[in-house]
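One file, input.csv, carrying CSV, C-alpha atoms:
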```
chain,number,residue,atom,x,y,z
A,1,MET,CA,7.8,-11.3,-179.4
A,2,LYS,CA,7.2,-9.6,-182.8
A,3,THR,CA,10.1,-7.4,-183.9
A,4,GLU,CA,7.8,-4.4,-184.5
A,5,ASP,CA,6.4,-4.7,-180.9
A,6,ARG,CA,9.9,-4.9,-179.4
A,7,GLN,CA,10.9,-1.8,-181.4
A,8,LEU,CA,7.9,0.2,-180.4
A,9,LEU,CA,8.3,-0.6,-176.7
A,10,SER,CA,12.0,0.3,-176.9
A,11,ALA,CA,11.1,3.6,-178.6
A,12,LEU,CA,8.7,4.4,-175.8
A,13,PHE,CA,11.4,3.8,-173.2
A,14,ALA,CA,13.8,6.0,-175.2
A,15,ALA,CA,11.2,8.8,-175.3
A,16,ALA,CA,10.7,8.5,-171.5
A,17,VAL,CA,14.4,8.7,-170.9
A,18,LYS,CA,14.9,11.6,-173.3
A,19,ALA,CA,12.3,13.6,-171.4
A,20,ALA,CA,14.5,13.4,-168.4
A,21,ASP,CA,17.7,14.4,-170.2
A,22,PRO,CA,20.0,16.1,-167.7
A,23,GLU,CA,21.0,19.0,-169.9
A,24,ALA,CA,17.5,19.9,-171.1
A,25,ALA,CA,16.1,19.6,-167.5
A,26,LEU,CA,18.9,21.8,-166.0
A,27,ARG,CA,18.6,24.4,-168.7
A,28,ARG,CA,15.1,25.2,-167.6
A,29,ALA,CA,16.1,25.6,-163.9
A,30,LEU,CA,19.5,27.3,-163.6
A,31,PRO,CA,19.7,29.6,-160.6
A,32,ALA,CA,20.9,33.2,-160.7
A,33,LYS,CA,24.7,33.6,-160.3
A,34,PRO,CA,25.8,34.6,-156.7
A,35,LYS,CA,28.2,37.3,-155.6
A,36,GLY,CA,30.5,34.7,-154.2
A,37,ARG,CA,31.5,31.2,-155.0
A,38,THR,CA,29.4,28.5,-156.8
A,39,VAL,CA,29.8,25.1,-155.3
A,40,VAL,CA,28.2,22.1,-156.9
A,41,ILE,CA,27.5,18.9,-154.9
A,42,GLY,CA,25.4,15.9,-155.8
A,43,ALA,CA,24.6,12.3,-155.4
A,44,GLY,CA,22.8,9.6,-157.4
A,45,LYS,CA,23.1,7.3,-160.3
A,46,GLY,CA,22.8,10.2,-162.8
A,47,ALA,CA,24.8,12.7,-160.7
A,48,ALA,CA,27.8,12.7,-163.0
A,49,GLN,CA,25.8,13.3,-166.1
A,50,LEU,CA,24.0,16.1,-164.3
A,51,ALA,CA,27.4,17.6,-163.2
A,52,ALA,CA,28.7,17.4,-166.8
A,53,ALA,CA,25.6,19.1,-168.1
A,54,PHE,CA,25.8,21.8,-165.5
A,55,GLU,CA,29.4,22.5,-166.4
A,56,ARG,CA,28.4,23.0,-170.1
A,57,LEU,CA,25.5,25.3,-169.1
A,58,TRP,CA,27.2,27.5,-166.4
A,59,ASP,CA,29.4,30.3,-167.8
A,60,GLY,CA,30.8,31.4,-164.5
A,61,PRO,CA,33.4,29.9,-162.1
A,62,LEU,CA,32.4,26.8,-160.2
A,63,GLU,CA,33.8,24.0,-158.2
A,64,GLY,CA,32.5,20.9,-156.4
A,65,THR,CA,32.1,17.2,-155.9
A,66,VAL,CA,29.4,14.6,-156.8
A,67,VAL,CA,29.2,10.9,-156.2
A,68,THR,CA,27.7,8.3,-158.5
A,69,ARG,CA,27.6,4.5,-158.7
A,70,TYR,CA,30.6,2.5,-159.9
A,71,GLY,CA,30.7,2.6,-163.7
A,72,TYR,CA,28.4,5.6,-164.0
A,73,ALA,CA,31.0,8.4,-164.1
A,74,ALA,CA,31.0,11.1,-166.8
A,75,PRO,CA,33.9,13.4,-167.7
A,76,CYS,CA,33.9,16.7,-165.9
A,77,THR,CA,36.6,19.3,-165.8
A,78,ARG,CA,35.7,21.5,-162.8
A,79,ILE,CA,33.6,19.1,-160.7
A,80,ARG,CA,35.2,16.1,-159.1
A,81,VAL,CA,33.3,12.9,-159.8
A,82,LEU,CA,33.6,10.1,-157.2
A,83,GLU,CA,32.2,6.6,-157.5
A,84,ALA,CA,30.8,4.3,-154.7
A,85,ALA,CA,28.8,1.2,-154.2
A,86,HIS,CA,25.0,0.8,-154.8
A,87,PRO,CA,22.7,-0.6,-153.4
A,88,VAL,CA,24.7,-1.5,-150.3
A,89,PRO,CA,27.1,1.3,-149.2
A,90,ASP,CA,30.9,0.9,-149.0
A,91,ALA,CA,34.0,2.7,-147.8
A,92,ALA,CA,34.2,4.8,-151.0
A,93,GLY,CA,30.7,6.1,-150.3
A,94,LEU,CA,31.8,7.0,-146.7
A,95,ALA,CA,34.7,9.0,-148.2
A,96,ALA,CA,32.3,10.6,-150.7
A,97,SER,CA,30.0,11.8,-147.9
A,98,GLU,CA,32.9,13.4,-146.1
A,99,ALA,CA,34.0,15.0,-149.4
A,100,LEU,CA,30.6,16.6,-149.9
A,101,LEU,CA,30.5,17.8,-146.3
A,102,ALA,CA,33.9,19.3,-146.7
A,103,ALA,CA,32.9,21.0,-150.0
A,104,VAL,CA,30.2,23.0,-148.2
A,105,ALA,CA,32.2,23.9,-145.1
A,106,GLY,CA,33.2,27.5,-144.4
A,107,LEU,CA,30.9,29.1,-147.0
A,108,THR,CA,29.4,32.6,-146.7
A,109,ALA,CA,26.0,34.1,-147.2
A,110,ASP,CA,27.3,35.3,-150.7
A,111,ASP,CA,28.0,31.8,-151.9
A,112,LEU,CA,25.7,29.5,-153.8
A,113,VAL,CA,25.5,25.7,-153.4
A,114,VAL,CA,23.9,23.8,-156.2
A,115,ALA,CA,22.8,20.3,-155.2
A,116,LEU,CA,22.3,17.9,-158.1
A,117,VAL,CA,20.2,15.1,-156.5
A,118,CYS,CA,18.8,12.0,-158.1
A,119,GLY,CA,17.8,8.4,-157.3
A,120,GLY,CA,20.4,6.1,-155.8
A,121,GLY,CA,21.9,8.7,-153.6
A,122,SER,CA,20.7,7.0,-150.4
A,123,ALA,CA,23.2,4.2,-150.7
A,124,LEU,CA,25.9,6.4,-152.2
A,125,LEU,CA,26.0,8.7,-149.1
A,126,PRO,CA,26.7,6.6,-146.0
A,127,ALA,CA,27.5,8.8,-143.0
A,128,PRO,CA,26.8,6.9,-139.8
A,129,PRO,CA,26.4,9.1,-136.7
A,130,GLY,CA,27.7,8.5,-133.1
A,131,ASP,CA,29.4,5.2,-132.6
A,132,LEU,CA,27.7,3.6,-135.6
A,133,THR,CA,29.9,2.2,-138.3
A,134,LEU,CA,29.8,1.7,-142.0
A,135,GLU,CA,28.9,-1.9,-141.5
A,136,ASP,CA,26.0,-0.9,-139.3
A,137,GLU,CA,24.7,1.4,-142.1
A,138,ALA,CA,25.2,-1.3,-144.7
A,139,ALA,CA,23.3,-3.8,-142.5
A,140,LEU,CA,20.5,-1.3,-142.2
A,141,ASN,CA,20.4,-0.9,-145.9
A,142,ARG,CA,20.2,-4.7,-146.4
A,143,ALA,CA,17.4,-5.0,-143.8
A,144,LEU,CA,15.4,-2.3,-145.5
A,145,LEU,CA,15.9,-3.7,-149.0
A,146,ALA,CA,14.7,-7.2,-147.8
A,147,SER,CA,11.7,-5.8,-145.9
A,148,GLY,CA,9.4,-5.1,-148.8
A,149,ALA,CA,8.6,-1.7,-147.3
A,150,PRO,CA,7.9,1.2,-149.8
A,151,ILE,CA,10.6,3.7,-150.6
A,152,GLY,CA,9.1,6.4,-148.4
A,153,VAL,CA,9.2,4.1,-145.4
A,154,MET,CA,12.8,3.0,-146.1
A,155,ASN,CA,13.9,6.6,-146.5
A,156,ALA,CA,12.1,7.8,-143.3
A,157,ILE,CA,14.0,5.2,-141.3
A,158,ARG,CA,17.5,5.5,-142.9
A,159,LYS,CA,17.4,9.3,-142.4
A,160,GLN,CA,17.4,8.8,-138.7
A,161,ALA,CA,20.8,7.1,-138.7
A,162,SER,CA,22.8,9.6,-140.8
A,163,ARG,CA,25.0,12.7,-140.5
A,164,ILE,CA,24.1,13.8,-144.1
A,165,LYS,CA,20.6,12.7,-145.1
A,166,GLY,CA,17.3,14.4,-144.1
A,167,GLY,CA,18.5,18.0,-144.9
A,168,ARG,CA,21.7,17.7,-142.8
A,169,LEU,CA,24.0,18.5,-145.8
A,170,ALA,CA,22.0,21.7,-146.5
A,171,LEU,CA,22.3,22.6,-142.8
A,172,ALA,CA,26.1,22.1,-143.0
A,173,ALA,CA,26.2,24.6,-145.9
A,174,HIS,CA,24.7,27.5,-143.9
A,175,PRO,CA,24.9,30.4,-144.3
A,176,ALA,CA,25.3,29.8,-148.1
A,177,ARG,CA,22.1,29.6,-150.1
A,178,VAL,CA,21.3,26.1,-151.3
A,179,VAL,CA,19.4,25.4,-154.6
A,180,SER,CA,18.5,21.7,-154.9
A,181,LEU,CA,17.8,20.6,-158.5
A,182,VAL,CA,16.1,17.2,-158.1
A,183,VAL,CA,15.4,14.4,-160.6
A,184,SER,CA,12.6,12.6,-158.9
A,185,ASP,CA,12.5,8.8,-158.8
A,186,VAL,CA,9.9,8.6,-156.1
A,187,PRO,CA,6.1,8.2,-156.2
A,188,GLY,CA,4.5,11.6,-155.7
A,189,ASP,CA,7.8,13.5,-156.5
A,190,ASP,CA,8.4,14.5,-152.9
A,191,PRO,CA,12.0,16.0,-153.2
A,192,ALA,CA,12.6,15.1,-149.5
A,193,GLN,CA,12.5,11.5,-150.5
A,194,VAL,CA,14.9,11.5,-153.4
A,195,ALA,CA,18.3,10.1,-152.2
A,196,SER,CA,16.8,10.5,-148.7
A,197,GLY,CA,16.9,14.3,-149.1
A,198,PRO,CA,20.5,15.3,-148.2
A,199,THR,CA,19.6,18.9,-148.9
A,200,VAL,CA,15.8,18.8,-148.3
A,201,ALA,CA,14.4,18.4,-144.8
A,202,ASP,CA,11.1,16.7,-144.1
A,203,GLY,CA,8.8,16.5,-141.2
A,204,VAL,CA,9.1,12.8,-140.3
A,205,THR,CA,10.0,12.6,-136.6
A,206,ARG,CA,12.1,10.0,-134.8
A,207,ALA,CA,9.0,8.7,-133.0
A,208,GLU,CA,7.2,8.4,-136.4
A,209,ALA,CA,10.1,6.5,-137.8
A,210,ARG,CA,10.1,4.1,-134.8
A,211,ALA,CA,6.4,3.5,-135.5
A,212,LEU,CA,7.1,2.7,-139.1
A,213,VAL,CA,9.6,0.1,-138.1
A,214,GLN,CA,7.0,-1.6,-135.9
A,215,THR,CA,4.2,-1.3,-138.6
A,216,TRP,CA,6.3,-2.9,-141.3
A,217,GLY,CA,8.0,-5.5,-139.0
A,218,ILE,CA,11.5,-4.4,-140.1
A,219,ALA,CA,14.3,-6.4,-138.4
A,220,LEU,CA,16.7,-3.6,-137.7
A,221,PRO,CA,20.3,-4.4,-136.7
A,222,GLU,CA,20.7,-4.1,-132.9
A,223,LYS,CA,22.9,-1.0,-132.9
A,224,ILE,CA,20.7,0.8,-135.4
A,225,ALA,CA,17.6,-0.1,-133.4
A,226,ALA,CA,19.3,1.3,-130.2
A,227,TRP,CA,20.2,4.6,-132.0
A,228,ILE,CA,16.7,5.1,-133.4
A,229,ALA,CA,15.3,4.4,-130.0
A,230,SER,CA,17.2,7.4,-128.7
A,231,ASP,CA,16.7,11.1,-129.6
A,232,GLU,CA,20.4,11.7,-130.6
A,233,GLY,CA,21.3,13.4,-133.9
A,234,LEU,CA,17.9,14.5,-135.0
A,235,ALA,CA,17.4,15.8,-138.5
A,236,PRO,CA,16.6,19.5,-139.0
A,237,ASP,CA,12.9,20.5,-139.1
A,238,PRO,CA,11.8,22.0,-142.4
A,239,ALA,CA,11.0,25.2,-140.6
A,240,ASN,CA,14.6,25.6,-139.3
A,241,PRO,CA,15.5,29.3,-140.0
A,242,ARG,CA,19.0,28.2,-141.3
A,243,LEU,CA,17.2,26.6,-144.2
A,244,ALA,CA,14.9,29.6,-145.0
A,245,ARG,CA,16.9,30.9,-148.0
A,246,ASN,CA,17.1,27.5,-149.7
A,247,GLU,CA,15.1,26.5,-152.8
A,248,VAL,CA,14.1,23.2,-154.2
A,249,ARG,CA,13.1,22.5,-157.8
A,250,VAL,CA,12.0,19.1,-159.3
A,251,ILE,CA,13.4,19.3,-162.8
A,252,ALA,CA,12.4,15.8,-164.1
A,253,SER,CA,10.0,13.2,-163.0
A,254,ALA,CA,8.1,10.0,-163.9
A,255,ARG,CA,5.0,12.0,-164.9
A,256,LEU,CA,6.9,14.0,-167.6
A,257,SER,CA,8.5,10.9,-168.9
A,258,LEU,CA,5.3,8.9,-169.2
A,259,GLU,CA,3.7,11.8,-171.0
A,260,ALA,CA,6.6,11.8,-173.5
A,261,ALA,CA,6.1,8.0,-174.0
A,262,ALA,CA,2.4,8.5,-174.6
A,263,ASP,CA,3.2,11.2,-177.2
A,264,GLU,CA,5.7,8.7,-178.9
A,265,ALA,CA,3.0,6.0,-179.0
A,266,ALA,CA,0.6,8.5,-180.6
A,267,ARG,CA,3.1,9.2,-183.3
A,268,ALA,CA,3.2,5.5,-184.0
A,269,GLY,CA,-0.5,5.4,-184.3
A,270,ILE,CA,-1.2,3.7,-181.0
A,271,PRO,CA,-3.3,5.5,-178.3
A,272,ALA,CA,-1.8,5.4,-174.8
A,273,ALA,CA,-3.4,5.3,-171.4
A,274,ILE,CA,-1.3,6.4,-168.4
A,275,LEU,CA,-2.5,4.4,-165.4
A,276,SER,CA,-0.4,6.2,-162.8
A,277,ASP,CA,3.1,7.6,-162.2
A,278,ALA,CA,3.1,6.8,-158.5
A,279,ILE,CA,2.4,3.0,-158.2
A,280,GLU,CA,3.9,1.3,-155.2
A,281,GLY,CA,3.5,-2.2,-153.7
A,282,GLU,CA,4.9,-5.7,-154.1
A,283,ALA,CA,6.3,-6.0,-157.6
A,284,ARG,CA,4.6,-9.4,-158.2
A,285,ASP,CA,1.2,-8.1,-156.9
A,286,VAL,CA,1.4,-5.0,-159.1
A,287,GLY,CA,2.3,-7.2,-162.0
A,288,ARG,CA,-0.8,-9.3,-161.5
A,289,VAL,CA,-3.0,-6.2,-161.2
A,290,HIS,CA,-1.6,-4.9,-164.5
A,291,ALA,CA,-2.3,-8.2,-166.1
A,292,ALA,CA,-5.9,-8.1,-164.9
A,293,ILE,CA,-6.3,-4.7,-166.5
A,294,ALA,CA,-4.7,-5.9,-169.7
A,295,ARG,CA,-7.0,-9.0,-169.8
A,296,GLU,CA,-10.1,-6.8,-169.5
A,297,VAL,CA,-8.9,-4.6,-172.3
A,298,ALA,CA,-7.9,-7.6,-174.5
A,299,LEU,CA,-11.1,-9.5,-174.0
A,300,ARG,CA,-13.7,-6.8,-173.5
A,301,ASP,CA,-12.3,-3.5,-174.8
A,302,ARG,CA,-12.7,-1.8,-171.4
A,303,PRO,CA,-11.9,0.4,-169.6
A,304,VAL,CA,-10.2,1.5,-172.9
A,305,PRO,CA,-10.5,-0.1,-176.4
A,306,ARG,CA,-7.7,-1.8,-178.4
A,307,PRO,CA,-5.2,-1.0,-179.7
A,308,VAL,CA,-3.7,0.7,-176.7
A,309,VAL,CA,-0.5,1.0,-174.7
A,310,LEU,CA,-0.9,1.0,-170.9
A,311,LEU,CA,1.8,3.0,-169.3
A,312,SER,CA,2.7,3.3,-165.6
A,313,GLY,CA,5.5,4.4,-163.3
A,314,GLY,CA,6.4,4.6,-159.6
A,315,GLU,CA,8.5,2.3,-157.5
A,316,THR,CA,7.5,-1.2,-156.5
A,317,THR,CA,9.3,-3.3,-153.9
A,318,VAL,CA,10.4,-6.9,-153.6
A,319,THR,CA,10.3,-8.9,-150.4
A,320,LEU,CA,13.1,-11.4,-150.6
A,321,ARG,CA,11.9,-15.0,-150.3
A,322,GLY,CA,14.6,-16.8,-152.3
A,323,LYS,CA,18.2,-16.4,-153.5
A,324,GLY,CA,17.6,-15.8,-157.2
A,325,ARG,CA,18.7,-12.8,-159.1
A,326,GLY,CA,16.5,-10.0,-160.4
A,327,GLY,CA,15.2,-6.6,-159.7
A,328,ARG,CA,11.7,-5.2,-159.1
A,329,ASN,CA,11.0,-4.6,-162.8
A,330,THR,CA,11.8,-8.2,-163.9
A,331,GLU,CA,9.9,-9.5,-161.0
A,332,PHE,CA,6.9,-7.4,-162.0
A,333,LEU,CA,7.2,-8.6,-165.6
A,334,LEU,CA,7.4,-12.3,-164.7
A,335,ALA,CA,4.3,-12.0,-162.5
A,336,LEU,CA,2.5,-10.2,-165.3
A,337,ALA,CA,3.6,-12.7,-168.0
A,338,LEU,CA,2.3,-15.6,-165.8
A,339,ALA,CA,-1.1,-13.9,-165.2
A,340,ALA,CA,-1.4,-12.7,-168.9
A,341,GLU,CA,-0.4,-15.9,-170.5
A,342,GLY,CA,-2.1,-16.5,-173.9
A,343,LEU,CA,-3.2,-12.9,-174.2
A,344,PRO,CA,-2.3,-10.7,-177.3
A,345,VAL,CA,0.0,-8.5,-175.2
A,346,ALA,CA,3.6,-7.4,-175.4
A,347,ALA,CA,5.3,-5.7,-172.5
A,348,LEU,CA,8.5,-4.0,-171.3
A,349,ALA,CA,9.3,-3.2,-167.7
A,350,ALA,CA,12.5,-1.4,-167.0
A,351,ASP,CA,14.2,1.1,-164.6
A,352,THR,CA,14.9,4.4,-166.3
A,353,ASP,CA,18.4,4.5,-164.9
A,354,GLY,CA,19.4,1.5,-167.0
A,355,ILE,CA,19.9,-0.9,-164.1
A,356,ASP,CA,17.3,-3.1,-162.4
A,357,GLY,CA,18.6,-4.6,-159.2
A,358,SER,CA,22.2,-5.7,-159.2
A,359,GLU,CA,22.7,-7.0,-162.7
A,360,ASP,CA,23.4,-5.1,-165.9
A,361,ASN,CA,19.9,-5.1,-167.4
A,362,ALA,CA,17.3,-2.3,-167.0
A,363,GLY,CA,14.5,-4.8,-167.2
A,364,ALA,CA,13.0,-7.3,-169.8
A,365,PHE,CA,10.5,-7.9,-172.5
A,366,ALA,CA,7.6,-10.4,-172.3
A,367,ASP,CA,4.5,-11.4,-174.3
A,368,GLY,CA,1.6,-13.8,-174.0
A,369,ALA,CA,3.8,-16.7,-175.2
A,370,SER,CA,6.8,-16.1,-172.9
A,371,MET,CA,5.8,-18.6,-170.2
A,372,ALA,CA,5.1,-21.4,-172.7
A,373,ARG,CA,8.6,-20.8,-174.2
A,374,LEU,CA,10.1,-20.8,-170.7
A,375,ARG,CA,8.5,-24.2,-169.9
A,376,ALA,CA,9.7,-25.6,-173.2
A,377,LEU,CA,13.2,-24.7,-172.0
A,378,GLY,CA,12.7,-26.9,-169.0
A,379,ALA,CA,12.1,-24.1,-166.5
A,380,ASP,CA,9.2,-23.6,-164.1
A,381,PRO,CA,8.1,-19.9,-164.2
A,382,ALA,CA,6.1,-20.1,-160.9
A,383,ALA,CA,9.1,-21.6,-159.1
A,384,LEU,CA,11.4,-18.9,-160.5
A,385,LEU,CA,9.0,-16.2,-159.3
A,386,ALA,CA,8.8,-17.8,-155.9
A,387,GLY,CA,12.6,-17.8,-155.6
A,388,ASN,CA,12.9,-14.2,-156.8
A,389,ASP,CA,14.8,-15.4,-159.9
A,390,ALA,CA,13.1,-13.3,-162.6
A,391,TRP,CA,16.5,-12.4,-164.0
A,392,GLY,CA,17.1,-16.1,-164.6
A,393,ALA,CA,13.8,-16.5,-166.3
A,394,PHE,CA,14.3,-13.7,-168.9
A,395,ASP,CA,18.0,-14.6,-169.3
A,396,ARG,CA,17.0,-18.1,-170.4
A,397,LEU,CA,14.5,-16.5,-172.9
A,398,GLY,CA,17.1,-14.1,-174.2
A,399,ASP,CA,14.6,-11.3,-173.4
A,400,LEU,CA,16.6,-9.1,-171.0
A,401,PHE,CA,16.6,-5.4,-171.9
A,402,VAL,CA,20.1,-4.0,-171.6
A,403,PRO,CA,20.4,-0.3,-172.8
A,404,GLY,CA,23.2,0.5,-170.4
A,405,PRO,CA,23.4,3.4,-167.9
A,406,THR,CA,21.1,6.2,-169.2
A,407,GLY,CA,22.4,9.1,-167.1
A,408,THR,CA,19.1,9.8,-165.5
A,409,ASN,CA,16.6,8.2,-163.2
A,410,VAL,CA,12.9,8.8,-162.9
A,411,ASN,CA,12.1,5.3,-161.6
A,412,ASP,CA,10.2,2.4,-163.1
A,413,PHE,CA,8.8,2.5,-166.6
A,414,ARG,CA,6.2,0.0,-167.6
A,415,ALA,CA,4.5,-0.3,-171.0
A,416,ILE,CA,1.9,-3.0,-172.0
A,417,LEU,CA,1.0,-3.1,-175.7
A,418,ILE,CA,-2.4,-4.6,-176.6
A,419,ARG,CA,-2.9,-4.8,-180.3
```

So, in terms of structure tokens, how does the structure I just supplied come out?
Amino acid sequence: MKTEDRQLLSALFAAAVKAADPEAALRRALPAKPKGRTVVIGAGKGAAQLAAAFERLWDGPLEGTVVTRYGYAAPCTRIRVLEAAHPVPDAAGLAASEALLAAVAGLTADDLVVALVCGGGSALLPAPPGDLTLEDEAALNRALLASGAPIGVMNAIRKQASRIKGGRLALAAHPARVVSLVVSDVPGDDPAQVASGPTVADGVTRAEARALVQTWGIALPEKIAAWIASDEGLAPDPANPRLARNEVRVIASARLSLEAAADEAARAGIPAAILSDAIEGEARDVGRVHAAIAREVALRDRPVPRPVVLLSGGETTVTLRGKGRGGRNTEFLLALALAAEGLPVAALAADTDGIDGSEDNAGAFADGASMARLRALGADPAALLAGNDAWGAFDRLGDLFVPGPTGTNVNDFRAILIR
């Protein structure tokens, strides 16, 4: 890939991340100070950065606890920062859930709870109900991740087997007022879906969740299936009067980040076309569709003329078929590179939190010559894609994108430059 193309794509990613900067986003959304205590709680890959920013912005007394992924902590002086496993929950996450529930216990109507919620919180807040165990919840998470179901479906199901998700944490804080400040990483920016909505109730019923399991053919662990078949431990309805004083504000989202990237492209003299900020589906299928659009632009100057940068966001999924390494963004990119081989394109696909899947890369770069280079190294791109080893493909090429943890998360960022 040409150095200038790589630099431009990296600059677009940086602009997208900057638009979701925790401090700038929080500054616009700070709630009024309460008569009583201010308690901060939070969960997600960017929760520690949000907590540190909140400490800098809040000039009154405060206390609280947030949980983030291992290695994602940020220094705080008044808010305790805990770390736990992602994407499969562990005992540290279980302890963190109990700590958040304890932080909101015994509050009064004069107190304020500020919930800092961002992507990744679902795995970081295990709290199995009834006789379910942490291993049962971890097994549920693995089944959902392997299913290929969209994030809304996964969250609707996992909320059914929790003591903290689906608005239950907000219910535990009653009678205190809860203000949820949400960095959205979900298509459509529904705050009830971010981190499975610990402080935001939604209207998905247990019966509807059971129907989703059937529709998507999800192989639930036996104990989880039995729990969801019952009507025990139901989540609060959004109309629950104990949630009436609460407020929810989406302070950063994929839409705002894509618009910032488009502005950055314009400053570089390249027009941008935002395809959508809410694209879902199998990562490899979405990659092929993006390649088809890029081909139409490259060969026929439609639906937009060259030069142009095609931008999109949302959250794709990966149905596991092999044992390779790689997240949804690298899988998207490998499929795109195969379908766009030989075209004058350069592309970056990356997760705005800085981590794609379980490795240390946010995503990768590719261009029209990437697959030929991969074959020259003795690798079969199609076989790597079939085995879900997109990480291996781009590692061989030296084209992994590793910016490190960004401190925010507004989901996938995809940019396809067509000169």

Of the listed residues A:Gly287, A:Pro191, A:Gly64, A:Gly46, that which approaches Leu336 (chain A) most closely, counting only C-alpha atoms:
A:Gly287

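With all atoms listed in the file as the atoms that count, the residue of A:Thr408, A:Thr319, A:Thr68, A:Gln160 with the shortest distance to Leu385 (chain A) is A:Thr319.
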
Residues within 9 Å of region 149-155 of chain A, only C-alpha atoms, excluding chain neighbours under 4 positions, as JSON, numbers by chain
{"A": [122, 141, 144, 145, 159, 160, 166, 186, 187, 193, 194, 195, 196, 197, 209, 212, 213, 216, 218, 280, 281, 282, 315, 316, 317, 318, 319]}

Residue selection dump (C-alpha atoms) as a short mmCIF file (atom, residue, chain, number, x, y, z; two decimals), in the frame of the given file:
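Okay, this is what ended up in result-v5.cif:
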```
data_model
loop_
_atom_site.label_atom_id
_atom_site.label_comp_id
_atom_site.auth_asym_id
_atom_site.auth_seq_id
_atom_site.Cartn_x
_atom_site.Cartn_y
_atom_site.Cartn_z
CA SER A 122 20.70 7.00 -150.40
CA ASN A 141 20.40 -0.90 -145.90
CA LEU A 144 15.40 -2.30 -145.50
CA LEU A 145 15.90 -3.70 -149.00
CA LYS A 159 17.40 9.30 -142.40
CA GLN A 160 17.40 8.80 -138.70
CA GLY A 166 17.30 14.40 -144.10
CA VAL A 186 9.90 8.60 -156.10
CA PRO A 187 6.10 8.20 -156.20
CA GLN A 193 12.50 11.50 -150.50
CA VAL A 194 14.90 11.50 -153.40
CA ALA A 195 18.30 10.10 -152.20
CA SER A 196 16.80 10.50 -148.70
CA GLY A 197 16.90 14.30 -149.10
CA ALA A 209 10.10 6.50 -137.80
CA LEU A 212 7.10 2.70 -139.10
CA VAL A 213 9.60 0.10 -138.10
CA TRP A 216 6.30 -2.90 -141.30
CA ILE A 218 11.50 -4.40 -140.10
CA GLU A 280 3.90 1.30 -155.20
CA GLY A 281 3.50 -2.20 -153.70
CA GLU A 282 4.90 -5.70 -154.10
CA GLU A 315 8.50 2.30 -157.50
CA THR A 316 7.50 -1.20 -156.50
CA THR A 317 9.30 -3.30 -153.90
CA VAL A 318 10.40 -6.90 -153.60
CA THR A 319 10.30 -8.90 -150.40
#
```

Rank A:Glu341, A:Glu137, A:Asp263, A:Glu331 by their smallest atom-to-atom distance to Val309 (chain A), using only C-alpha atoms, and report the top residue only.
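Selected residue with least distance to Val309 (chain A): A:Asp263.
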
Which is closer to Pro22 (chain A) than all the others in A:Ala201, A:Leu310, A:Ala364, A:Ala53, using all atoms listed in the file?
A:Ala53

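If all atoms listed in the file are the atoms counted, then among A:Gly188, A:Gly387, A:Gly342, A:Pro238 the closest residue to Ala278 (chain A) is A:Gly188.
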
Around the point (9.2, -0.8, -163.5), in the coordinates given by the file, pick out the residues reaching within 6 Å, counting all atoms listed in the file, and return them as a ChimeraX atom specification.
/A:329,349-351,412-414

Please provide the set of residues having any atom within 10 Å of Ala96 (chain A), restricted to only C-alpha atoms, with same-chain residues fewer than 3 positions apart removed, written as a ChimeraX atom specification.
/A:43,65-68,81-84,90-93,99-102,124-127

For a cut-off of 8 Å around (-2.3, 7.1, -166.9), file coordinates, pick out all residues using only C-alpha atoms and list them as a PyMOL selection string.
chain A and resi 273-277+310-312

Which one of A:Ile41, A:Ala11, A:Ala29, A:Ile418 sits closest to Val114 (chain A) if you count only C-alpha atoms?
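So, comparing all the options, the nearest one is A:Ile41.
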
Can you work out the spacing between CA of Gly119 (chain A) and CA of Ala47 (chain A) in Å, to one decimal?
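Taking CA of Gly119 (chain A) as the start and CA of Ala47 (chain A) as the end point, the length is 8.9 Å.
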
For Thr199 (chain A), list every protein, DNA or RNA residue within 12 Å, evaluated using only C-alpha atoms, and leave out those in the same chain fewer than 4 positions away; present the list as a ChimeraX atom specification.
/A:41-43,100-101,104,113-118,121,159,163-174,177-182,191-195,235-238,243,246-249

Against region 299-307 of chain A, which residues of region 202-287 of chain A fall within 9 Å? For each one I want the closest pair of atoms and the distance in Å (one decimal), counting all atoms listed in the file, rows by chain and increasing residue number, as CSV.
```
residue,atom,partner,partner_atom,distance
A:Ile270,CA,A:Pro307,CA,6.3
A:Pro271,CA,A:Pro307,CA,6.9
A:Ala272,CA,A:Pro307,CA,8.7
A:Ala273,CA,A:Val304,CA,7.9
```

List the neighbours of Ile355 (chain A) out to 10 Å using only C-alpha atoms; skip same-chain residues closer than 3 positions along the sequence, and give me the result as a PyMOL selection string.
chain A and resi 45+327+329+350-352+358-363+401-406+409

Using CA of Ala382 (chain A) and CA of Leu334 (chain A) as the two end points, give the distance in Å to one decimal.
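So the two atoms, CA of Ala382 (chain A) and CA of Leu334 (chain A), lie 8.8 Å apart.
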
To one decimal place, how far is CA of Asp202 (chain A) from CA of Leu320 (chain A) in Å?
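Answer for the CA of Asp202 (chain A) to CA of Leu320 (chain A) separation: 28.9 Å.
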
Need to verify the contact set: Gly392 (chain A), 8 Å, all atoms listed in the file, exclusion of same-chain residues closer than 2 positions in sequence. Can you return it as a PyMOL selection string?
chain A and resi 324-326+384+389-390+394-396
